[in-house]
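**Student:** Got a file for you: work_28.pdb, PDB, C-alpha atoms and all ligand atoms.
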ATOM      1  CA  MET A   9      -5.762   1.772   5.312
ATOM      2  CA  ILE A  10      -3.346   2.247   2.437
ATOM      3  CA  GLN A  11      -5.936   1.538  -0.276
ATOM      4  CA  ASN A  12      -8.064   4.435   0.979
ATOM      5  CA  MET A  13      -5.094   6.780   0.719
ATOM      6  CA  CYS A  14      -4.467   5.917  -2.949
ATOM      7  CA  VAL A  15      -6.243   7.485  -5.868
ATOM      8  CA  ILE A  16      -6.848   5.485  -9.031
ATOM      9  CA  LYS A  17      -6.737   7.259 -12.387
ATOM     10  CA  ASP A  18      -6.028   6.550 -16.037
ATOM     11  CA  LEU A  19      -2.307   6.455 -16.824
ATOM     12  CA  GLN A  20      -1.102   9.723 -18.394
ATOM     13  CA  GLU A  21       1.643   9.825 -21.012
ATOM     14  CA  HIS A  22       4.044  11.684 -18.707
ATOM     15  CA  GLU A  23       3.651   8.858 -16.129
ATOM     16  CA  VAL A  24       4.744   6.112 -18.552
ATOM     17  CA  PRO A  25       8.458   6.069 -17.519
ATOM     18  CA  ALA A  26       7.497   5.786 -13.824
ATOM     19  CA  ALA A  27       4.996   3.028 -14.603
ATOM     20  CA  ALA A  28       7.593   1.107 -16.638
ATOM     21  CA  ALA A  29      10.124   1.536 -13.817
ATOM     22  CA  MET A  30       7.666   0.213 -11.224
ATOM     23  CA  LEU A  31       6.883  -2.811 -13.376
ATOM     24  CA  ILE A  32      10.451  -3.689 -14.299
ATOM     25  CA  ALA A  33      11.347  -3.950 -10.594
ATOM     26  CA  LEU A  34       8.949  -6.922 -10.229
ATOM     27  CA  PRO A  35      10.374 -10.470 -10.477
ATOM     28  CA  LEU A  36       7.327 -11.340 -12.619
ATOM     29  CA  MET A  37       8.472  -8.923 -15.349
ATOM     30  CA  ASN A  38      12.012 -10.276 -15.295
ATOM     31  CA  ARG A  39      10.649 -13.778 -15.657
ATOM     32  CA  TYR A  40       8.658 -12.775 -18.729
ATOM     33  CA  ARG A  41      11.813 -11.116 -20.081
ATOM     34  CA  ALA A  42      10.322  -7.648 -20.200
ATOM     35  CA  THR A  43      12.628  -4.665 -20.580
ATOM     36  CA  LYS A  44      11.972  -1.137 -19.381
ATOM     37  CA  GLU A  45      12.300   0.149 -22.953
ATOM     38  CA  ARG A  46       9.792  -2.362 -24.333
ATOM     39  CA  LEU A  47       7.329  -1.687 -21.496
ATOM     40  CA  ASP A  48       7.655   2.027 -22.172
ATOM     41  CA  VAL A  49       6.759   1.524 -25.850
ATOM     42  CA  GLN A  50       3.923  -0.912 -25.084
ATOM     43  CA  LEU A  51       2.372   1.383 -22.459
ATOM     44  CA  ARG A  52       2.501   4.342 -24.866
ATOM     45  CA  GLN A  53       0.813   2.186 -27.524
ATOM     46  CA  ALA A  54      -1.837   1.138 -24.999
ATOM     47  CA  LEU A  55      -2.728   4.795 -24.425
ATOM     48  CA  CYS A  56      -3.702   5.114 -28.111
ATOM     49  CA  GLN A  57      -5.473   1.784 -28.589
ATOM     50  CA  PRO A  58      -9.281   1.858 -28.582
ATOM     51  CA  GLY A  59     -10.702  -0.545 -25.995
ATOM     52  CA  ILE A  60      -7.440  -0.749 -24.016
ATOM     53  CA  ALA A  61      -7.008   0.971 -20.659
ATOM     54  CA  VAL A  62      -4.212   1.348 -18.126
ATOM     55  CA  ILE A  63      -5.078   2.618 -14.649
ATOM     56  CA  VAL A  64      -2.624   3.479 -11.902
ATOM     57  CA  ALA A  65      -2.921   3.851  -8.123
ATOM     58  CA  ARG A  66      -0.853   6.474  -6.333
ATOM     59  CA  PRO A  67      -0.876   7.718  -2.744
ATOM     60  CA  ASP A  68      -2.820  10.982  -2.708
ATOM     61  CA  GLU A  69       0.146  13.290  -2.130
ATOM     62  CA  PRO A  70       2.287  15.429  -4.462
ATOM     63  CA  GLY A  71       5.046  13.534  -6.279
ATOM     64  CA  ALA A  72       3.951  10.149  -4.944
ATOM     65  CA  GLU A  73       5.288   7.008  -6.599
ATOM     66  CA  ILE A  74       3.095   4.636  -8.589
ATOM     67  CA  ALA A  75       1.836   1.985  -6.162
ATOM     68  CA  GLY A  76       0.056  -0.275  -8.631
ATOM     69  CA  LEU A  77      -1.202  -0.659 -12.157
ATOM     70  CA  ALA A  78      -3.872  -2.536 -14.093
ATOM     71  CA  TRP A  79      -3.709  -2.952 -17.869
ATOM     72  CA  PHE A  80      -6.779  -4.349 -19.580
ATOM     73  CA  ALA A  81      -9.043  -4.615 -22.607
ATOM     74  CA  THR A  82     -12.700  -3.799 -22.048
ATOM     75  CA  GLU A  83     -14.005  -6.121 -24.775
ATOM     76  CA  GLY A  84     -13.216  -8.533 -27.572
ATOM     77  CA  THR A  85     -11.895 -11.571 -25.727
ATOM     78  CA  PHE A  86     -13.607 -14.633 -27.237
ATOM     79  CA  LEU A  87     -15.969 -11.936 -28.598
ATOM     80  CA  MET A  88     -17.601 -11.789 -25.170
ATOM     81  CA  GLY A  89     -15.282 -10.424 -22.530
ATOM     82  CA  GLY A  90     -12.647  -8.080 -21.285
ATOM     83  CA  TYR A  91      -9.115  -9.275 -20.630
ATOM     84  CA  LEU A  92      -6.864  -8.323 -17.731
ATOM     85  CA  LYS A  93      -3.371  -8.298 -19.207
ATOM     86  CA  LEU A  94      -1.592  -7.253 -16.023
ATOM     87  CA  LEU A  95      -2.399  -6.343 -12.426
ATOM     88  CA  ALA A  96       0.642  -5.559 -10.307
ATOM     89  CA  LEU A  97       1.559  -3.654  -7.184
ATOM     90  CA  ALA A  98       4.954  -2.453  -6.018
ATOM     91  CA  ASP A  99       6.132  -4.784  -3.258
ATOM     92  CA  GLN A 100       5.489  -2.411  -0.341
ATOM     93  CA  TYR A 101       1.816  -1.971  -1.354
ATOM     94  CA  ARG A 102       0.904  -5.683  -1.377
ATOM     95  CA  GLY A 103      -1.270  -7.509   1.100
ATOM     96  CA  LYS A 104      -3.286  -4.381   2.014
ATOM     97  CA  GLY A 105      -6.306  -4.591  -0.273
ATOM     98  CA  LEU A 106      -5.054  -2.276  -3.022
ATOM     99  CA  GLY A 107      -5.053  -5.077  -5.631
ATOM    100  CA  ARG A 108      -8.736  -5.641  -4.890
ATOM    101  CA  LYS A 109      -9.470  -1.927  -5.219
ATOM    102  CA  LEU A 110      -7.761  -1.761  -8.631
ATOM    103  CA  LEU A 111      -9.572  -4.912  -9.754
ATOM    104  CA  ASP A 112     -12.918  -3.394  -8.640
ATOM    105  CA  VAL A 113     -12.258  -0.444 -10.952
ATOM    106  CA  VAL A 114     -11.264  -2.771 -13.817
ATOM    107  CA  GLU A 115     -14.438  -4.823 -13.351
ATOM    108  CA  SER A 116     -16.690  -1.774 -13.287
ATOM    109  CA  ARG A 117     -15.064  -0.426 -16.481
ATOM    110  CA  VAL A 118     -15.372  -3.812 -18.243
ATOM    111  CA  ARG A 119     -18.928  -4.499 -17.014
ATOM    112  CA  VAL A 120     -20.418  -1.669 -19.085
ATOM    113  CA  ARG A 121     -18.950  -3.193 -22.264
ATOM    114  CA  SER A 122     -18.770  -6.967 -21.641
ATOM    115  CA  PRO A 123     -20.351  -9.628 -19.418
ATOM    116  CA  TYR A 124     -17.107 -11.494 -18.596
ATOM    117  CA  LEU A 125     -13.558 -10.703 -17.541
ATOM    118  CA  PHE A 126     -10.820 -13.161 -18.495
ATOM    119  CA  LEU A 127      -7.210 -13.297 -17.313
ATOM    120  CA  LEU A 128      -4.173 -15.562 -17.357
ATOM    121  CA  ALA A 129      -1.960 -16.371 -14.373
ATOM    122  CA  SER A 130       1.283 -18.355 -14.383
ATOM    123  CA  ASP A 131       0.594 -21.825 -13.007
ATOM    124  CA  ASP A 132       3.110 -21.379 -10.176
ATOM    125  CA  ASN A 133       1.842 -17.927  -9.050
ATOM    126  CA  GLU A 134      -0.114 -19.336  -6.128
ATOM    127  CA  ALA A 135      -0.562 -15.982  -4.374
ATOM    128  CA  ALA A 136      -2.270 -14.649  -7.519
ATOM    129  CA  HIS A 137      -4.485 -17.767  -7.776
ATOM    130  CA  ARG A 138      -5.643 -17.278  -4.164
ATOM    131  CA  PHE A 139      -6.219 -13.582  -4.778
ATOM    132  CA  TYR A 140      -8.375 -14.096  -7.882
ATOM    133  CA  GLU A 141     -10.268 -17.072  -6.443
ATOM    134  CA  ARG A 142     -11.126 -15.039  -3.309
ATOM    135  CA  LEU A 143     -12.611 -12.418  -5.615
ATOM    136  CA  GLY A 144     -14.839 -14.845  -7.510
ATOM    137  CA  TYR A 145     -12.641 -15.886 -10.443
ATOM    138  CA  VAL A 146     -12.973 -19.479 -11.643
ATOM    139  CA  GLN A 147     -10.138 -21.459 -13.162
ATOM    140  CA  ALA A 148     -11.309 -22.589 -16.569
ATOM    141  CA  GLY A 149      -8.365 -24.139 -18.332
ATOM    142  CA  ARG A 150      -4.707 -24.024 -19.034
ATOM    143  CA  PHE A 151      -2.475 -22.979 -21.922
ATOM    144  CA  GLU A 152       0.706 -25.084 -21.965
ATOM    145  CA  HIS A 153       3.842 -23.027 -22.670
ATOM    146  CA  LEU A 154       1.840 -20.164 -24.175
ATOM    147  CA  VAL A 155       4.350 -17.393 -23.470
ATOM    148  CA  LEU A 156       7.417 -19.158 -22.078
ATOM    149  CA  ASP A 157       8.632 -22.726 -22.633
ATOM    150  CA  ASP A 158       8.880 -23.393 -18.895
ATOM    151  CA  VAL A 159       5.610 -21.776 -17.728
ATOM    152  CA  ASN A 160       1.978 -22.747 -18.235
ATOM    153  CA  GLU A 161      -0.784 -20.169 -18.039
ATOM    154  CA  LEU A 162      -4.003 -20.821 -16.127
ATOM    155  CA  VAL A 163      -7.138 -19.263 -17.589
ATOM    156  CA  TYR A 164      -9.453 -17.567 -15.106
ATOM    157  CA  PHE A 165     -12.752 -15.839 -15.722
ATOM    158  CA  LYS A 166     -15.529 -14.115 -13.796
ATOM    159  CA  LYS A 167     -19.076 -13.396 -14.856
ATOM    160  CA  LEU A 168     -19.616  -9.704 -14.171
ATOM    161  CA  VAL A 169     -23.332  -9.306 -14.842
TER
HETATM  162  C1  LIG B 201      -1.523 -10.413  -6.887
HETATM  163  C2  LIG B 201      -1.633  -8.976  -6.332
HETATM  164  C3  LIG B 201      -2.149  -8.052  -7.420
HETATM  165  C4  LIG B 201      -2.644  -9.035  -5.175
HETATM  166  O1  LIG B 201      -2.879  -7.718  -4.661
HETATM  167  P1  LIG B 201      -2.857  -7.445  -3.075
HETATM  168  O2  LIG B 201      -3.441  -6.117  -2.826
HETATM  169  O3  LIG B 201      -1.490  -7.732  -2.568
HETATM  170  O4  LIG B 201      -3.896  -8.554  -2.560
HETATM  171  P2  LIG B 201      -4.232  -8.935  -1.078
HETATM  172  O5  LIG B 201      -4.238  -7.729  -0.184
HETATM  173  O6  LIG B 201      -5.474  -9.759  -1.163
HETATM  174  O7  LIG B 201      -2.981  -9.854  -0.619
HETATM  175  C5  LIG B 201      -2.568 -10.959  -1.407
HETATM  176  C6  LIG B 201      -1.595 -11.857  -0.624
HETATM  177  O8  LIG B 201      -0.326 -11.214  -0.428
HETATM  178  C7  LIG B 201       0.093 -11.387   0.946
HETATM  179  N1  LIG B 201       1.070 -10.335   1.290
HETATM  180  C8  LIG B 201       1.069  -9.547   2.376
HETATM  181  N2  LIG B 201       2.101  -8.713   2.348
HETATM  182  C9  LIG B 201       2.790  -8.991   1.219
HETATM  183  C10 LIG B 201       3.981  -8.479   0.663
HETATM  184  N3  LIG B 201       4.669  -7.472   1.222
HETATM  185  N4  LIG B 201       4.397  -8.995  -0.523
HETATM  186  C11 LIG B 201       3.714 -10.002  -1.109
HETATM  187  N5  LIG B 201       2.584 -10.527  -0.608
HETATM  188  C12 LIG B 201       2.129 -10.014   0.547
HETATM  189  C13 LIG B 201      -1.216 -11.329   1.646
HETATM  190  O9  LIG B 201      -1.085 -11.875   2.943
HETATM  191  C14 LIG B 201      -2.078 -12.213   0.747
HETATM  192  O10 LIG B 201      -1.718 -13.572   0.982
HETATM  193  P3  LIG B 201      -2.774 -14.789   0.948
HETATM  194  O11 LIG B 201      -3.270 -14.889  -0.455
HETATM  195  O12 LIG B 201      -1.945 -15.936   1.347
HETATM  196  O13 LIG B 201      -3.861 -14.439   1.918
HETATM  197  C15 LIG B 201      -0.275  -8.443  -5.792
HETATM  198  O14 LIG B 201       0.170  -9.249  -4.743
HETATM  199  C16 LIG B 201       0.832  -8.337  -6.836
HETATM  200  O15 LIG B 201       1.031  -7.286  -7.423
HETATM  201  N6  LIG B 201       1.591  -9.420  -7.084
HETATM  202  C17 LIG B 201       2.727  -9.388  -8.021
HETATM  203  C18 LIG B 201       2.283  -9.328  -9.469
HETATM  204  C19 LIG B 201       1.367 -10.479  -9.819
HETATM  205  O16 LIG B 201       1.678 -11.633  -9.554
HETATM  206  N7  LIG B 201       0.230 -10.139 -10.460
HETATM  207  C20 LIG B 201      -0.742 -11.105 -10.925
HETATM  208  C21 LIG B 201      -0.347 -11.500 -12.309
HETATM  209  S1  LIG B 201      -1.604 -12.564 -12.999
END
Would you mind writing the file out in structure tokens?
**Tutor:**
Amino acid sequence: MIQNMCVIKDLQEHEVPAAAAMLIALPLMNRYRATKERLDVQLRQALCQPGIAVIVARPDEPGAEIAGLAWFATEGTFLMGGYLKLLALADQYRGKGLGRKLLDVVESRVRVRSPYLFLLASDDNEAAHRFYERLGYVQAGRFEHLVLDDVNELVYFKKLV
């Protein structure tokens, strides 16, 4: 199983260009008009921000590519929860349980600080809705055109404790 072969660790500064490159290859990032340069800067900032974490999954072998990433806040959302800003896998690592493994790590890191985890998903990202709903997330509302004029964001949350 591919998820058992991956190790999950905090993103290190020297891994930022590879993480930005993995993300910019995703259609989701293009849609949200991300650029590799901006992602690079934002990931570096995330490494210095208290309460923000970025974890990456890589196959457990020397020089392996980044398979997936989760970027999250452990507290502060509505003054009661963590917030999952981004969970994404490179295409060839999807559908094998690695997303769930990353999310398990996120939840265990948030749980010690906050009782809830919140996230947003584009309203047309049905694969993501199924994924989160399978893992106990409840749709709790909708922000119209929050980030982009032509996309609405669905609010999901899970009670962790
Ligand atoms: C959403 C995501 C994190 C889920 O992680 P995952 O490890 O793939 O999750 P699962 O193993 O449960 O598989 C999810 C679905 O992808 C399907 N799948 C299988 N192979 C796939 C592939 N090569 N590419 C895309 N989806 C695939 C699975 O069959 C499953 O479909 P289902 O929901 O109809 O049952 C991951 O698919 C991803 O990175 N998506 C792109 C970024 C994204 O949309 N992130 C969420 C933003 S809110």
**Student:** I'd like the contact shell of segment 70-83 of chain A - 7 Å cut-off, all atoms listed in the file, skipping same-chain residues fewer than 4 positions apart - returned as a PyMOL selection string.
**Tutor:** chain A and resi 26-27+30+59-66+88-98+101+110+117-118+121-122
**Student:** Evaluate the PyMOL selection byres (((chain A and resi 37) around 12) and not hetatm) here and jot the selected residues down as number ranges by chain.
**Tutor:** A: 28-36, 38-44, 46-47, 94-98, 130
**Student:** To test your reading of the syntax: which residues would the PyMOL selection byres (((not hetatm)) within 6 of (chain B and resi 201)) return for the file shown? Reply as a list in words.
**Tutor:**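 Output of the PyMOL selection byres (((not hetatm)) within 6 of (chain B and resi 201)): Leu94, Leu95, Ala96, Leu97, Asp99, Gln100, Arg102, Gly103, Lys104, Gly105, Leu106, Gly107, Arg108, Leu128, Ala129, Ala135, Ala136, Arg138 and Phe139 of chain A.
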**Student:** Find the residue from A:Val146, A:Val49, A:Ile16, A:Asn160 that sits nearest to Asp112 of chain A; use all atoms listed in the file when measuring.
**Tutor:**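 So, comparing all the options, the nearest one is A:Ile16.
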**Student:** Calculate how many Å separate atom CA of His137 of chain A from atom CA of Pro123 of chain A, rounding to one decimal.
**Tutor:**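 So the answer is 21.3 Å.
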**Student:** Atom CA of Leu19 of chain A to atom CA of Tyr124 of chain A: how many Å, to one decimal?
**Tutor:**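 Atom CA of Tyr124 of chain A lies 23.3 Å from atom CA of Leu19 of chain A.
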**Student:** For Asp158 of chain A, which residue out of A:Asp132, A:Phe126, A:Cys14, A:Phe86 is the nearest one, using all atoms listed in the file?
**Tutor:**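 Nearest to Asp158 of chain A: A:Asp132.
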**Student:** For Val24 of chain A, which residue among A:Val120, A:Leu51, A:Val163, A:Leu156 is the nearest when counting only C-alpha atoms?
**Tutor:** A:Leu51
**Student:** If the box runs along x, y and z of the file and leaves 8 Å on each side of segment 121-130 of chain A, what are its centre and edge lengths in Å, one decimal, as AutoDock Vina command-line options?
**Tutor:**
--center_x -9.5 --center_y -10.8 --center_z -18.3 --size_x 37.6 --size_y 31.2 --size_z 23.9
**Student:** Got a sec to resolve the PyMOL selection byres (((chain A and resi 68) around 6) and not hetatm) on this structure and send the residues as a compact mmCIF listing (two decimals) with C-alpha atoms, in the frame of the given file?
**Tutor:**
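Below is the file that was written, part-v2.txt:
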# COMPACT_ATOMS: atom_id res chain seq x y z
CA MET A 13 -5.09 6.78 0.72
CA CYS A 14 -4.47 5.92 -2.95
CA VAL A 15 -6.24 7.48 -5.87
CA PRO A 67 -0.88 7.72 -2.74
CA GLU A 69 0.15 13.29 -2.13
**Student:** Report, in Å with one decimal, the straight-line distance from atom CA of Val113 of chain A to atom CA of Lys17 of chain A.
**Tutor:**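 One can read the atom CA of Val113 of chain A to atom CA of Lys17 of chain A distance as 9.6 Å.
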**Student:** Calculated over all atoms listed in the file, which of the candidates A:Leu168, A:Leu127, A:Glu134, A:Pro25 has the smallest distance to Arg150 of chain A?
**Tutor:**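 Among the listed residues, the smallest separation from Arg150 of chain A belongs to A:Leu127.
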